[in-house]
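Visitor: Structure file target.cif (mmCIF, C-alpha atoms) right here:
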data_structure
#
loop_
_atom_site.group_PDB
_atom_site.id
_atom_site.type_symbol
_atom_site.label_atom_id
_atom_site.label_comp_id
_atom_site.auth_asym_id
_atom_site.auth_seq_id
_atom_site.Cartn_x
_atom_site.Cartn_y
_atom_site.Cartn_z
ATOM 1 C CA MET A 60 -18.971 27.701 -20.535
ATOM 2 C CA LYS A 61 -19.505 24.034 -21.381
ATOM 3 C CA THR A 62 -23.111 23.071 -22.090
ATOM 4 C CA SER A 63 -22.879 19.301 -22.721
ATOM 5 C CA LEU A 64 -22.085 16.974 -19.814
ATOM 6 C CA SER A 65 -22.374 13.281 -19.007
ATOM 7 C CA ILE A 66 -21.939 12.618 -15.285
ATOM 8 C CA LEU A 67 -20.680 9.062 -14.938
ATOM 9 C CA ILE A 68 -20.691 7.182 -11.646
ATOM 10 C CA PRO A 69 -19.149 3.714 -11.407
ATOM 11 C CA THR A 70 -20.198 1.909 -8.270
ATOM 12 C CA ARG A 71 -20.016 -1.402 -6.477
ATOM 13 C CA ASN A 72 -21.964 -1.862 -3.242
ATOM 14 C CA ASP A 73 -22.302 1.900 -2.702
ATOM 15 C CA LYS A 74 -25.604 3.731 -2.254
ATOM 16 C CA CYS A 75 -25.563 6.531 -4.827
ATOM 17 C CA LEU A 76 -29.096 7.935 -4.689
ATOM 18 C CA ARG A 77 -28.203 10.898 -2.481
ATOM 19 C CA LEU A 78 -25.221 11.810 -4.660
ATOM 20 C CA VAL A 79 -27.313 11.583 -7.838
ATOM 21 C CA LYS A 80 -30.035 13.798 -6.362
ATOM 22 C CA ALA A 81 -27.464 16.435 -5.400
ATOM 23 C CA LEU A 82 -25.906 16.373 -8.869
ATOM 24 C CA SER A 83 -29.296 16.503 -10.572
ATOM 25 C CA LEU A 84 -30.319 19.498 -8.457
ATOM 26 C CA GLN A 85 -27.187 21.407 -9.449
ATOM 27 C CA ALA A 86 -27.476 20.458 -13.129
ATOM 28 C CA ASN A 87 -31.083 21.633 -13.347
ATOM 29 C CA LYS A 88 -30.090 25.058 -12.045
ATOM 30 C CA ILE A 89 -27.602 25.633 -14.891
ATOM 31 C CA GLN A 90 -29.427 27.242 -17.783
ATOM 32 C CA GLY A 91 -28.845 25.641 -21.172
ATOM 33 C CA LEU A 92 -27.011 22.594 -19.847
ATOM 34 C CA GLN A 93 -27.633 19.340 -21.681
ATOM 35 C CA TYR A 94 -26.758 16.590 -19.255
ATOM 36 C CA GLU A 95 -27.286 13.011 -18.209
ATOM 37 C CA ILE A 96 -26.308 11.063 -15.115
ATOM 38 C CA ILE A 97 -25.429 7.403 -15.605
ATOM 39 C CA VAL A 98 -24.676 5.075 -12.709
ATOM 40 C CA ALA A 99 -23.130 1.753 -13.724
ATOM 41 C CA ASP A 100 -23.251 -0.974 -11.093
ATOM 42 C CA ASP A 101 -20.136 -3.112 -11.446
ATOM 43 C CA GLY A 102 -21.400 -6.379 -10.005
ATOM 44 C CA SER A 103 -22.774 -5.288 -6.611
ATOM 45 C CA THR A 104 -23.553 -8.093 -4.171
ATOM 46 C CA ASP A 105 -25.477 -6.042 -1.586
ATOM 47 C CA LYS A 106 -29.191 -6.401 -2.397
ATOM 48 C CA GLU A 107 -30.137 -3.473 -0.150
ATOM 49 C CA VAL A 108 -27.782 -1.196 -2.075
ATOM 50 C CA ILE A 109 -29.165 -2.361 -5.415
ATOM 51 C CA ALA A 110 -32.758 -1.843 -4.262
ATOM 52 C CA GLU A 111 -32.085 1.752 -3.184
ATOM 53 C CA ASN A 112 -30.066 2.591 -6.294
ATOM 54 C CA LYS A 113 -32.903 1.452 -8.576
ATOM 55 C CA ALA A 114 -34.740 4.646 -7.632
ATOM 56 C CA ILE A 115 -32.092 6.567 -9.599
ATOM 57 C CA SER A 116 -33.808 5.643 -12.865
ATOM 58 C CA GLY A 117 -36.938 7.425 -11.640
ATOM 59 C CA ILE A 118 -35.148 10.786 -11.715
ATOM 60 C CA ASP A 119 -35.279 12.774 -14.964
ATOM 61 C CA ASP A 120 -32.187 12.303 -17.156
ATOM 62 C CA CYS A 121 -30.746 9.737 -14.736
ATOM 63 C CA HIS A 122 -30.071 6.072 -15.442
ATOM 64 C CA TYR A 123 -29.036 3.137 -13.267
ATOM 65 C CA ILE A 124 -27.492 0.222 -15.139
ATOM 66 C CA ILE A 125 -26.958 -3.109 -13.401
ATOM 67 C CA ARG A 126 -24.095 -5.202 -14.719
ATOM 68 C CA GLY A 127 -23.933 -8.652 -13.199
ATOM 69 C CA GLU A 128 -20.226 -9.205 -13.729
ATOM 70 C CA ASN A 129 -17.551 -7.260 -11.897
ATOM 71 C CA VAL A 130 -15.284 -6.107 -14.745
ATOM 72 C CA GLY A 131 -12.969 -3.884 -12.700
ATOM 73 C CA ARG A 132 -12.279 -0.206 -12.101
ATOM 74 C CA SER A 133 -10.798 0.536 -15.516
ATOM 75 C CA ALA A 134 -13.230 -1.430 -17.668
ATOM 76 C CA ILE A 135 -16.355 -0.018 -15.981
ATOM 77 C CA ARG A 136 -15.165 3.544 -16.622
ATOM 78 C CA ASN A 137 -14.364 2.730 -20.232
ATOM 79 C CA TYR A 138 -17.849 1.259 -20.598
ATOM 80 C CA LEU A 139 -19.442 4.407 -19.199
ATOM 81 C CA SER A 140 -17.504 6.594 -21.616
ATOM 82 C CA GLN A 141 -18.692 4.452 -24.536
ATOM 83 C CA ILE A 142 -22.390 4.773 -23.692
ATOM 84 C CA ALA A 143 -22.279 8.475 -22.745
ATOM 85 C CA HIS A 144 -24.001 10.902 -25.120
ATOM 86 C CA GLN A 145 -22.551 14.290 -24.163
ATOM 87 C CA GLN A 146 -19.314 16.007 -25.172
ATOM 88 C CA TRP A 147 -17.711 16.189 -21.726
ATOM 89 C CA LEU A 148 -17.496 13.361 -19.210
ATOM 90 C CA LEU A 149 -17.381 13.887 -15.458
ATOM 91 C CA PHE A 150 -16.398 10.805 -13.452
ATOM 92 C CA ILE A 151 -17.297 10.635 -9.759
ATOM 93 C CA ASP A 152 -16.952 7.619 -7.474
ATOM 94 C CA GLY A 153 -20.182 6.322 -6.007
ATOM 95 C CA ASP A 154 -19.027 6.617 -2.387
ATOM 96 C CA MET A 155 -18.327 10.345 -2.607
ATOM 97 C CA SER A 156 -20.594 13.256 -1.710
ATOM 98 C CA LEU A 157 -20.797 16.963 -2.545
ATOM 99 C CA GLU A 158 -20.193 19.965 -0.345
ATOM 100 C CA ASN A 159 -19.849 22.757 -2.925
ATOM 101 C CA ASP A 160 -23.170 24.038 -4.331
ATOM 102 C CA ASP A 161 -21.295 25.174 -7.452
ATOM 103 C CA PHE A 162 -19.466 21.889 -7.960
ATOM 104 C CA LEU A 163 -20.728 21.296 -11.511
ATOM 105 C CA ARG A 164 -20.479 24.938 -12.507
ATOM 106 C CA SER A 165 -16.817 25.016 -11.470
ATOM 107 C CA TYR A 166 -16.035 22.222 -13.913
ATOM 108 C CA LEU A 167 -18.183 23.681 -16.686
ATOM 109 C CA GLN A 168 -16.341 27.007 -16.447
ATOM 110 C CA THR A 169 -12.907 25.479 -17.079
ATOM 111 C CA ASN A 170 -11.099 26.320 -20.303
ATOM 112 C CA ASP A 171 -11.995 24.038 -23.214
ATOM 113 C CA GLU A 172 -8.281 23.558 -23.878
ATOM 114 C CA GLN A 173 -8.028 21.769 -20.536
ATOM 115 C CA ASN A 174 -8.929 18.305 -21.810
ATOM 116 C CA VAL A 175 -8.437 16.551 -18.457
ATOM 117 C CA VAL A 176 -9.248 18.327 -15.193
ATOM 118 C CA TYR A 177 -8.944 16.883 -11.689
ATOM 119 C CA GLY A 178 -10.761 18.547 -8.796
ATOM 120 C CA GLY A 179 -9.310 16.780 -5.763
ATOM 121 C CA TYR A 180 -10.980 15.473 -2.624
ATOM 122 C CA LYS A 181 -11.372 16.312 1.049
ATOM 123 C CA VAL A 182 -12.010 14.127 4.071
ATOM 124 C CA ASN A 183 -14.836 14.683 6.541
ATOM 125 C CA GLY A 184 -15.640 12.831 9.717
ATOM 126 C CA ASN A 185 -13.941 11.966 12.993
ATOM 127 C CA ALA A 186 -13.552 8.186 12.985
ATOM 128 C CA LYS A 187 -10.197 7.854 14.717
ATOM 129 C CA GLU A 188 -10.661 4.110 15.198
ATOM 130 C CA ASN A 189 -11.017 3.689 11.436
ATOM 131 C CA LEU A 190 -7.778 3.047 9.538
ATOM 132 C CA ARG A 191 -9.058 4.317 6.192
ATOM 133 C CA TYR A 192 -10.168 7.579 7.777
ATOM 134 C CA LYS A 193 -6.829 8.049 9.557
ATOM 135 C CA TYR A 194 -4.894 7.299 6.384
ATOM 136 C CA GLU A 195 -6.939 9.600 4.131
ATOM 137 C CA LYS A 196 -6.993 12.416 6.696
ATOM 138 C CA HIS A 197 -3.238 12.207 7.163
ATOM 139 C CA SER A 198 -2.714 12.283 3.373
ATOM 140 C CA GLU A 199 -5.184 15.118 2.727
ATOM 141 C CA LYS A 200 -2.716 18.023 2.962
ATOM 142 C CA ALA A 201 -0.281 16.321 0.598
ATOM 143 C CA HIS A 202 -3.014 16.395 -2.067
ATOM 144 C CA SER A 203 -3.815 20.103 -1.760
ATOM 145 C CA LEU A 204 -4.116 22.099 -4.980
ATOM 146 C CA ASN A 205 -0.681 23.685 -4.535
ATOM 147 C CA ASN A 206 0.969 20.298 -4.094
ATOM 148 C CA ARG A 207 -0.950 18.733 -6.968
ATOM 149 C CA LEU A 208 0.220 21.479 -9.305
ATOM 150 C CA LYS A 209 3.865 20.572 -8.630
ATOM 151 C CA HIS A 210 3.467 17.152 -10.251
ATOM 152 C CA PRO A 211 0.152 17.333 -12.147
ATOM 153 C CA ASN A 212 0.265 13.895 -13.758
ATOM 154 C CA LYS A 213 1.523 12.119 -10.659
ATOM 155 C CA ASP A 214 -1.275 13.306 -8.365
ATOM 156 C CA PHE A 215 -4.436 12.203 -10.114
ATOM 157 C CA HIS A 216 -7.382 10.069 -9.031
ATOM 158 C CA THR A 217 -10.307 8.749 -11.033
ATOM 159 C CA SER A 218 -12.699 9.590 -8.195
ATOM 160 C CA ASN A 219 -13.351 13.130 -9.497
ATOM 161 C CA PHE A 220 -12.237 14.224 -12.950
ATOM 162 C CA LEU A 221 -13.502 15.837 -16.134
ATOM 163 C CA ILE A 222 -12.370 14.682 -19.566
ATOM 164 C CA HIS A 223 -13.368 15.313 -23.168
ATOM 165 C CA LYS A 224 -15.252 12.303 -24.529
ATOM 166 C CA GLU A 225 -13.188 12.012 -27.711
ATOM 167 C CA LEU A 226 -9.996 11.933 -25.663
ATOM 168 C CA MET A 227 -11.354 9.268 -23.315
ATOM 169 C CA LEU A 228 -12.444 7.117 -26.239
ATOM 170 C CA GLN A 229 -9.096 7.559 -27.941
ATOM 171 C CA TYR A 230 -7.124 6.863 -24.758
ATOM 172 C CA PRO A 231 -9.171 4.573 -22.486
ATOM 173 C CA LEU A 232 -7.999 3.333 -19.112
ATOM 174 C CA ASP A 233 -5.786 0.256 -19.186
ATOM 175 C CA LYS A 234 -8.043 -2.788 -18.676
ATOM 176 C CA GLN A 235 -5.078 -4.787 -17.384
ATOM 177 C CA TYR A 236 -5.631 -2.940 -14.103
ATOM 178 C CA ARG A 237 -8.589 -5.076 -13.169
ATOM 179 C CA GLY A 238 -7.891 -5.372 -9.457
ATOM 180 C CA TYR A 239 -8.101 -2.612 -6.874
ATOM 181 C CA GLY A 240 -5.668 0.270 -7.182
ATOM 182 C CA TYR A 241 -3.226 2.066 -9.460
ATOM 183 C CA GLU A 242 -5.355 2.360 -12.594
ATOM 184 C CA ASP A 243 -5.385 6.127 -11.991
ATOM 185 C CA VAL A 244 -1.619 6.259 -11.454
ATOM 186 C CA ALA A 245 -1.075 4.381 -14.707
ATOM 187 C CA TYR A 246 -3.441 6.723 -16.536
ATOM 188 C CA GLY A 247 -1.651 9.837 -15.307
ATOM 189 C CA LYS A 248 1.640 8.355 -16.476
ATOM 190 C CA PHE A 249 0.177 7.383 -19.850
ATOM 191 C CA LEU A 250 -1.257 10.861 -20.451
ATOM 192 C CA GLN A 251 2.074 12.450 -19.619
ATOM 193 C CA GLU A 252 3.855 10.175 -22.090
ATOM 194 C CA THR A 253 1.222 11.131 -24.675
ATOM 195 C CA GLY A 254 1.964 14.813 -24.099
ATOM 196 C CA ILE A 255 -1.226 15.614 -22.176
ATOM 197 C CA THR A 256 -0.847 17.509 -18.910
ATOM 198 C CA ILE A 257 -3.625 17.067 -16.361
ATOM 199 C CA SER A 258 -5.101 20.384 -15.200
ATOM 200 C CA HIS A 259 -5.979 20.864 -11.529
ATOM 201 C CA ILE A 260 -8.619 22.972 -9.819
ATOM 202 C CA ASP A 261 -9.844 23.248 -6.250
ATOM 203 C CA ASN A 262 -13.202 21.519 -6.648
ATOM 204 C CA PRO A 263 -13.190 18.544 -4.296
ATOM 205 C CA VAL A 264 -15.640 15.773 -3.717
ATOM 206 C CA VAL A 265 -16.078 14.739 -0.090
ATOM 207 C CA PHE A 266 -14.825 11.443 1.249
ATOM 208 C CA ASN A 267 -16.918 10.492 4.296
ATOM 209 C CA GLN A 268 -17.690 6.802 3.862
ATOM 210 C CA PHE A 269 -15.022 4.462 5.210
ATOM 211 C CA GLU A 270 -14.967 0.678 5.062
ATOM 212 C CA ASN A 271 -14.053 -1.247 8.207
ATOM 213 C CA ASN A 272 -10.395 -1.886 8.984
ATOM 214 C CA GLU A 273 -10.283 -5.475 7.786
ATOM 215 C CA ASP A 274 -11.875 -4.604 4.444
ATOM 216 C CA PHE A 275 -9.391 -1.760 4.009
ATOM 217 C CA ILE A 276 -6.463 -4.067 4.722
ATOM 218 C CA ASN A 277 -7.837 -6.522 2.159
ATOM 219 C CA LYS A 278 -8.062 -3.699 -0.398
ATOM 220 C CA THR A 279 -4.567 -2.517 0.470
ATOM 221 C CA GLU A 280 -3.144 -5.993 -0.042
ATOM 222 C CA GLU A 281 -4.929 -6.254 -3.385
ATOM 223 C CA SER A 282 -3.562 -2.875 -4.479
ATOM 224 C CA ILE A 283 -0.017 -3.898 -3.565
ATOM 225 C CA ARG A 284 -0.390 -7.096 -5.577
ATOM 226 C CA THR A 285 -1.504 -4.895 -8.486
ATOM 227 C CA LEU A 286 1.536 -2.672 -7.958
ATOM 228 C CA LYS A 287 3.823 -5.699 -7.877
ATOM 229 C CA THR A 288 2.383 -6.934 -11.165
ATOM 230 C CA HIS A 289 2.943 -3.552 -12.839
ATOM 231 C CA GLN A 290 6.084 -2.481 -10.985
ATOM 232 C CA LYS A 291 8.120 -1.969 -14.154
ATOM 233 C CA GLU A 292 5.818 0.657 -15.680
ATOM 234 C CA LEU A 293 4.986 2.331 -12.329
ATOM 235 C CA ARG A 294 8.535 2.554 -10.966
ATOM 236 C CA ASP A 295 8.779 6.351 -11.090
ATOM 237 C CA TYR A 296 5.203 6.834 -9.867
ATOM 238 C CA SER A 297 5.147 4.852 -6.619
ATOM 239 C CA ARG A 298 6.533 5.736 -3.189
ATOM 240 C CA ILE A 299 6.421 2.076 -2.197
ATOM 241 C CA ILE A 300 8.663 1.092 -5.114
ATOM 242 C CA ARG A 301 11.066 3.946 -4.343
ATOM 243 C CA LEU A 302 11.253 2.859 -0.708
ATOM 244 C CA ALA A 303 11.789 -0.768 -1.724
ATOM 245 C CA ASP A 304 14.611 0.304 -4.050
ATOM 246 C CA ASN A 305 16.213 2.355 -1.266
ATOM 247 C CA LEU A 306 16.019 -0.561 1.158
ATOM 248 C CA GLU A 307 17.613 -2.785 -1.459
ATOM 249 C CA ALA A 308 20.388 -0.241 -2.037
ATOM 250 C CA ILE A 309 21.351 -0.202 1.651
ATOM 251 C CA ARG A 310 20.866 -3.969 1.944
ATOM 252 C CA LEU A 311 17.965 -3.873 4.379
ATOM 253 C CA SER A 312 15.230 -5.349 2.192
ATOM 254 C CA SER A 313 15.879 -8.943 3.275
ATOM 255 C CA LEU A 314 15.753 -7.904 6.951
ATOM 256 C CA VAL A 315 12.412 -6.114 6.476
ATOM 257 C CA ARG A 316 11.090 -9.097 4.512
ATOM 258 C CA ARG A 317 12.010 -11.559 7.290
ATOM 259 C CA LEU A 318 10.528 -9.277 9.956
ATOM 260 C CA PHE A 319 7.288 -9.012 8.001
ATOM 261 C CA GLN A 320 7.047 -12.762 7.509
ATOM 262 C CA LYS A 321 7.473 -13.259 11.249
ATOM 263 C CA ARG A 322 5.089 -10.500 12.383
ATOM 264 C CA GLN A 323 2.517 -10.278 9.566
ATOM 265 C CA GLN A 324 -0.395 -11.902 11.363
ATOM 266 C CA ARG A 325 0.222 -9.957 14.581
ATOM 267 C CA TRP A 326 0.492 -6.665 12.704
ATOM 268 C CA ARG A 327 -2.600 -7.450 10.695
ATOM 269 C CA MET A 328 -4.630 -8.075 13.836
ATOM 270 C CA GLN A 329 -3.459 -4.760 15.295
ATOM 271 C CA LEU A 330 -4.366 -2.881 12.122
ATOM 272 C CA CYS A 331 -7.815 -4.479 12.080
ATOM 273 C CA GLY A 332 -8.376 -3.547 15.728
ATOM 274 C CA SER A 333 -9.802 -0.412 17.331
ATOM 275 C CA ASN A 334 -6.548 1.588 17.513
ATOM 276 C CA PRO A 335 -4.683 1.161 14.218
ATOM 277 C CA SER A 336 -1.297 2.818 13.777
ATOM 278 C CA LEU A 337 -0.381 4.629 10.568
ATOM 279 C CA PHE A 338 3.302 3.894 11.178
ATOM 280 C CA LEU A 339 2.526 0.185 11.435
ATOM 281 C CA PHE A 340 0.309 0.438 8.368
ATOM 282 C CA ASN A 341 3.155 1.891 6.298
ATOM 283 C CA LEU A 342 5.512 -0.786 7.610
ATOM 284 C CA TYR A 343 2.953 -3.445 6.727
ATOM 285 C CA LYS A 344 2.654 -2.125 3.169
ATOM 286 C CA ILE A 345 6.367 -2.180 2.425
ATOM 287 C CA GLY A 346 6.700 -5.598 4.045
ATOM 288 C CA TYR A 347 3.825 -6.960 1.985
ATOM 289 C CA TYR A 348 5.371 -5.543 -1.193
ATOM 290 C CA LEU A 349 8.772 -7.066 -0.492
#
Can you turn what I pasted into structure tokens?
Guide:
Amino acid sequence: MKTSLSILIPTRNDKCLRLVKALSLQANKIQGLQYEIIVADDGSTDKEVIAENKAISGIDDCHYIIRGENVGRSAIRNYLSQIAHQQWLLFIDGDMSLENDDFLRSYLQTNDEQNVVYGGYKVNGNAKENLRYKYEKHSEKAHSLNNRLKHPNKDFHTSNFLIHKELMLQYPLDKQYRGYGYEDVAYGKFLQETGITISHIDNPVVFNQFENNEDFINKTEESIRTLKTHQKELRDYSRIIRLADNLEAIRLSSLVRRLFQKRQQRWRMQLCGSNPSLFLFNLYKIGYYL
């Protein structure tokens, strides 16, 4: 059983105090565990969030670091790995929560030969008017343990994973992925090319905080711009690129592009409204990419 763990939480405008308390409670129950919890604030703008998160530093073995500049999802995780003191690193997103009382123990009991372990996520709530909730809930079954095991390096997210510190320092996340999205996809691809297979266990974090529809659309657009920038290296790892290639092959891409240009604002308003459609959302994404 592993006895040395740095729990690393990158955050931006997310209240993390409750998550840190839950992790600290579990860690203190594991005899012989040397641990630390470090929360790195990647340029939060919400003063209320910052004020609440400052209480994290008042908890034993917990630290809250405020960084004024937003350096991006890859760089903030690389920074956390550099300042961590323990042998194993557990990354958890700041907007997640715990449901399993043995969450930490499940990771600590994994085989030491499993250098990268992903635990998955589950979706709680019943916010049917929220597009992010509807999207994540619809996608949840596709990311079950059985499905993840079929393509271990293609179904990986940085929201909940364990990695050996030396490996993370040797192979950091690609800082070119500064904007929202796809840094985890690129990392899974890179590890596979390096000969490292990601291990999977059923040890999910809980996704129950959902931004409003307009903010989610803004994030989605940013992620698609990121995908477009890195389309060459992500070609075999993206459903959007595969769909775009198929549309091009049957000579429908120009039709979809013209339709999107004509309807974009109308579709966007519908997606930001109180009854967003997942079908329309998927159509919007491919149109935006094209």
Visitor: Give me, as a VMD selection string, all polymer residues having an atom no more than 9 Å from segment 165-167 of chain A, counting only C-alpha atoms and skipping those fewer than 6 positions away in the same chain.
Guide: chain A and resid 60 to 64 149 176 178 220 to 221 260 to 262
Visitor: Expand the PyMOL selection byres ((chain A and resi 338) around 12) into the individual residues it matches in the shown file, reporting them as a ChimeraX atom specification.
Guide: /A:190,193-194,197,326,329-330,334-337,339-345
Visitor: List the residues matched by the PyMOL selection byres ((chain A and resi 313-319) around 9) in the displayed structure as number ranges by chain, ordered by chain and then by residue number.
Guide: A: 306-307, 310-312, 320-324, 326, 342-343, 345-349
Visitor: Only C-alpha atoms, please: the residues just picked out, written as an mmCIF file, in the coordinates of the input.
Guide:
data_model
loop_
_atom_site.group_PDB
_atom_site.id
_atom_site.type_symbol
_atom_site.label_atom_id
_atom_site.label_comp_id
_atom_site.auth_asym_id
_atom_site.auth_seq_id
_atom_site.Cartn_x
_atom_site.Cartn_y
_atom_site.Cartn_z
ATOM 1 C CA LEU A 306 16.019 -0.561 1.158
ATOM 2 C CA GLU A 307 17.613 -2.785 -1.459
ATOM 3 C CA ARG A 310 20.866 -3.969 1.944
ATOM 4 C CA LEU A 311 17.965 -3.873 4.379
ATOM 5 C CA SER A 312 15.230 -5.349 2.192
ATOM 6 C CA GLN A 320 7.047 -12.762 7.509
ATOM 7 C CA LYS A 321 7.473 -13.259 11.249
ATOM 8 C CA ARG A 322 5.089 -10.500 12.383
ATOM 9 C CA GLN A 323 2.517 -10.278 9.566
ATOM 10 C CA GLN A 324 -0.395 -11.902 11.363
ATOM 11 C CA TRP A 326 0.492 -6.665 12.704
ATOM 12 C CA LEU A 342 5.512 -0.786 7.610
ATOM 13 C CA TYR A 343 2.953 -3.445 6.727
ATOM 14 C CA ILE A 345 6.367 -2.180 2.425
ATOM 15 C CA GLY A 346 6.700 -5.598 4.045
ATOM 16 C CA TYR A 347 3.825 -6.960 1.985
ATOM 17 C CA TYR A 348 5.371 -5.543 -1.193
ATOM 18 C CA LEU A 349 8.772 -7.066 -0.492
#
Visitor: Identify which of the residues A:Lys209, A:Arg327, A:His223, A:Lys200 lies closest to Asp274 of chain A, counting all atoms listed in the file when measuring atom-to-atom distances.
Guide: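 Of the candidates, the smallest distance to Asp274 of chain A is held by A:Arg327.
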Visitor: Segment 243-253 of chain A: which residues within 6 Å, counting all atoms listed in the file, same-chain residues fewer than 3 positions away excluded, as a VMD selection string?
Guide: chain A and resid 212 216 to 217 256
Visitor: Have a look at A:Glu172, A:Glu225, A:Asp73, A:Glu242 and name the one nearest to Gln141 of chain A; count all atoms listed in the file.
Guide: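 Among the listed residues, A:Glu225 lies closest to Gln141 of chain A.
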Visitor: What would the file be for segment 150-171 of chain A if you keep N, CA and C atoms and write it as a PDB file, in the first residue's frame?
Guide:
ATOM      1  N   PHE A 150      -4.280  14.067  -8.672  1.00  0.00           N
ATOM      2  CA  PHE A 150      -4.883  15.300  -9.183  1.00  0.00           C
ATOM      3  C   PHE A 150      -6.404  15.190  -9.150  1.00  0.00           C
ATOM      4  N   ILE A 151      -7.038  16.218  -8.573  1.00  0.00           N
ATOM      5  CA  ILE A 151      -8.500  16.284  -8.528  1.00  0.00           C
ATOM      6  C   ILE A 151      -8.918  17.709  -8.877  1.00  0.00           C
ATOM      7  N   ASP A 152      -9.887  17.853  -9.750  1.00  0.00           N
ATOM      8  CA  ASP A 152     -10.381  19.192 -10.091  1.00  0.00           C
ATOM      9  C   ASP A 152     -11.126  19.808  -8.923  1.00  0.00           C
ATOM     10  N   GLY A 153     -11.012  21.124  -8.808  1.00  0.00           N
ATOM     11  CA  GLY A 153     -11.588  21.828  -7.670  1.00  0.00           C
ATOM     12  C   GLY A 153     -13.099  21.836  -7.612  1.00  0.00           C
ATOM     13  N   ASP A 154     -13.779  21.553  -8.734  1.00  0.00           N
ATOM     14  CA  ASP A 154     -15.242  21.575  -8.722  1.00  0.00           C
ATOM     15  C   ASP A 154     -15.844  20.188  -8.521  1.00  0.00           C
ATOM     16  N   MET A 155     -15.027  19.230  -8.142  1.00  0.00           N
ATOM     17  CA  MET A 155     -15.526  17.877  -7.901  1.00  0.00           C
ATOM     18  C   MET A 155     -15.806  17.671  -6.410  1.00  0.00           C
ATOM     19  N   SER A 156     -16.494  16.591  -6.097  1.00  0.00           N
ATOM     20  CA  SER A 156     -16.739  16.228  -4.703  1.00  0.00           C
ATOM     21  C   SER A 156     -16.584  14.711  -4.563  1.00  0.00           C
ATOM     22  N   LEU A 157     -16.593  14.240  -3.318  1.00  0.00           N
ATOM     23  CA  LEU A 157     -16.389  12.822  -3.041  1.00  0.00           C
ATOM     24  C   LEU A 157     -17.681  12.177  -2.568  1.00  0.00           C
ATOM     25  N   GLU A 158     -17.836  10.919  -2.948  1.00  0.00           N
ATOM     26  CA  GLU A 158     -18.975  10.135  -2.485  1.00  0.00           C
ATOM     27  C   GLU A 158     -18.507   8.875  -1.774  1.00  0.00           C
ATOM     28  N   ASN A 159     -17.343   8.361  -2.173  1.00  0.00           N
ATOM     29  CA  ASN A 159     -16.790   7.124  -1.635  1.00  0.00           C
ATOM     30  C   ASN A 159     -15.916   7.428  -0.411  1.00  0.00           C
ATOM     31  N   ASP A 160     -16.264   6.856   0.728  1.00  0.00           N
ATOM     32  CA  ASP A 160     -15.482   7.076   1.962  1.00  0.00           C
ATOM     33  C   ASP A 160     -14.091   6.454   1.882  1.00  0.00           C
ATOM     34  N   ASP A 161     -13.891   5.534   0.962  1.00  0.00           N
ATOM     35  CA  ASP A 161     -12.583   4.903   0.772  1.00  0.00           C
ATOM     36  C   ASP A 161     -11.917   5.385  -0.522  1.00  0.00           C
ATOM     37  N   PHE A 162     -12.229   6.582  -0.932  1.00  0.00           N
ATOM     38  CA  PHE A 162     -11.695   7.114  -2.182  1.00  0.00           C
ATOM     39  C   PHE A 162     -10.161   7.096  -2.205  1.00  0.00           C
ATOM     40  N   LEU A 163      -9.532   7.658  -1.190  1.00  0.00           N
ATOM     41  CA  LEU A 163      -8.068   7.690  -1.150  1.00  0.00           C
ATOM     42  C   LEU A 163      -7.481   6.292  -1.011  1.00  0.00           C
ATOM     43  N   ARG A 164      -8.075   5.497  -0.158  1.00  0.00           N
ATOM     44  CA  ARG A 164      -7.561   4.145   0.075  1.00  0.00           C
ATOM     45  C   ARG A 164      -7.573   3.328  -1.225  1.00  0.00           C
ATOM     46  N   SER A 165      -8.593   3.521  -2.034  1.00  0.00           N
ATOM     47  CA  SER A 165      -8.688   2.774  -3.293  1.00  0.00           C
ATOM     48  C   SER A 165      -7.510   3.086  -4.204  1.00  0.00           C
ATOM     49  N   TYR A 166      -7.095   4.336  -4.245  1.00  0.00           N
ATOM     50  CA  TYR A 166      -5.922   4.698  -5.035  1.00  0.00           C
ATOM     51  C   TYR A 166      -4.638   4.156  -4.408  1.00  0.00           C
ATOM     52  N   LEU A 167      -4.533   4.266  -3.094  1.00  0.00           N
ATOM     53  CA  LEU A 167      -3.311   3.851  -2.408  1.00  0.00           C
ATOM     54  C   LEU A 167      -3.080   2.352  -2.496  1.00  0.00           C
ATOM     55  N   GLN A 168      -4.142   1.587  -2.729  1.00  0.00           N
ATOM     56  CA  GLN A 168      -4.025   0.131  -2.808  1.00  0.00           C
ATOM     57  C   GLN A 168      -3.730  -0.371  -4.219  1.00  0.00           C
ATOM     58  N   THR A 169      -3.613   0.534  -5.192  1.00  0.00           N
ATOM     59  CA  THR A 169      -3.284   0.096  -6.547  1.00  0.00           C
ATOM     60  C   THR A 169      -1.845  -0.398  -6.607  1.00  0.00           C
ATOM     61  N   ASN A 170      -1.571  -1.216  -7.597  1.00  0.00           N
ATOM     62  CA  ASN A 170      -0.242  -1.795  -7.787  1.00  0.00           C
ATOM     63  C   ASN A 170       0.764  -0.696  -8.126  1.00  0.00           C
ATOM     64  N   ASP A 171       1.939  -0.759  -7.525  1.00  0.00           N
ATOM     65  CA  ASP A 171       2.963   0.259  -7.772  1.00  0.00           C
ATOM     66  C   ASP A 171       3.430   0.270  -9.217  1.00  0.00           C
TER      67      ASP A 171
END
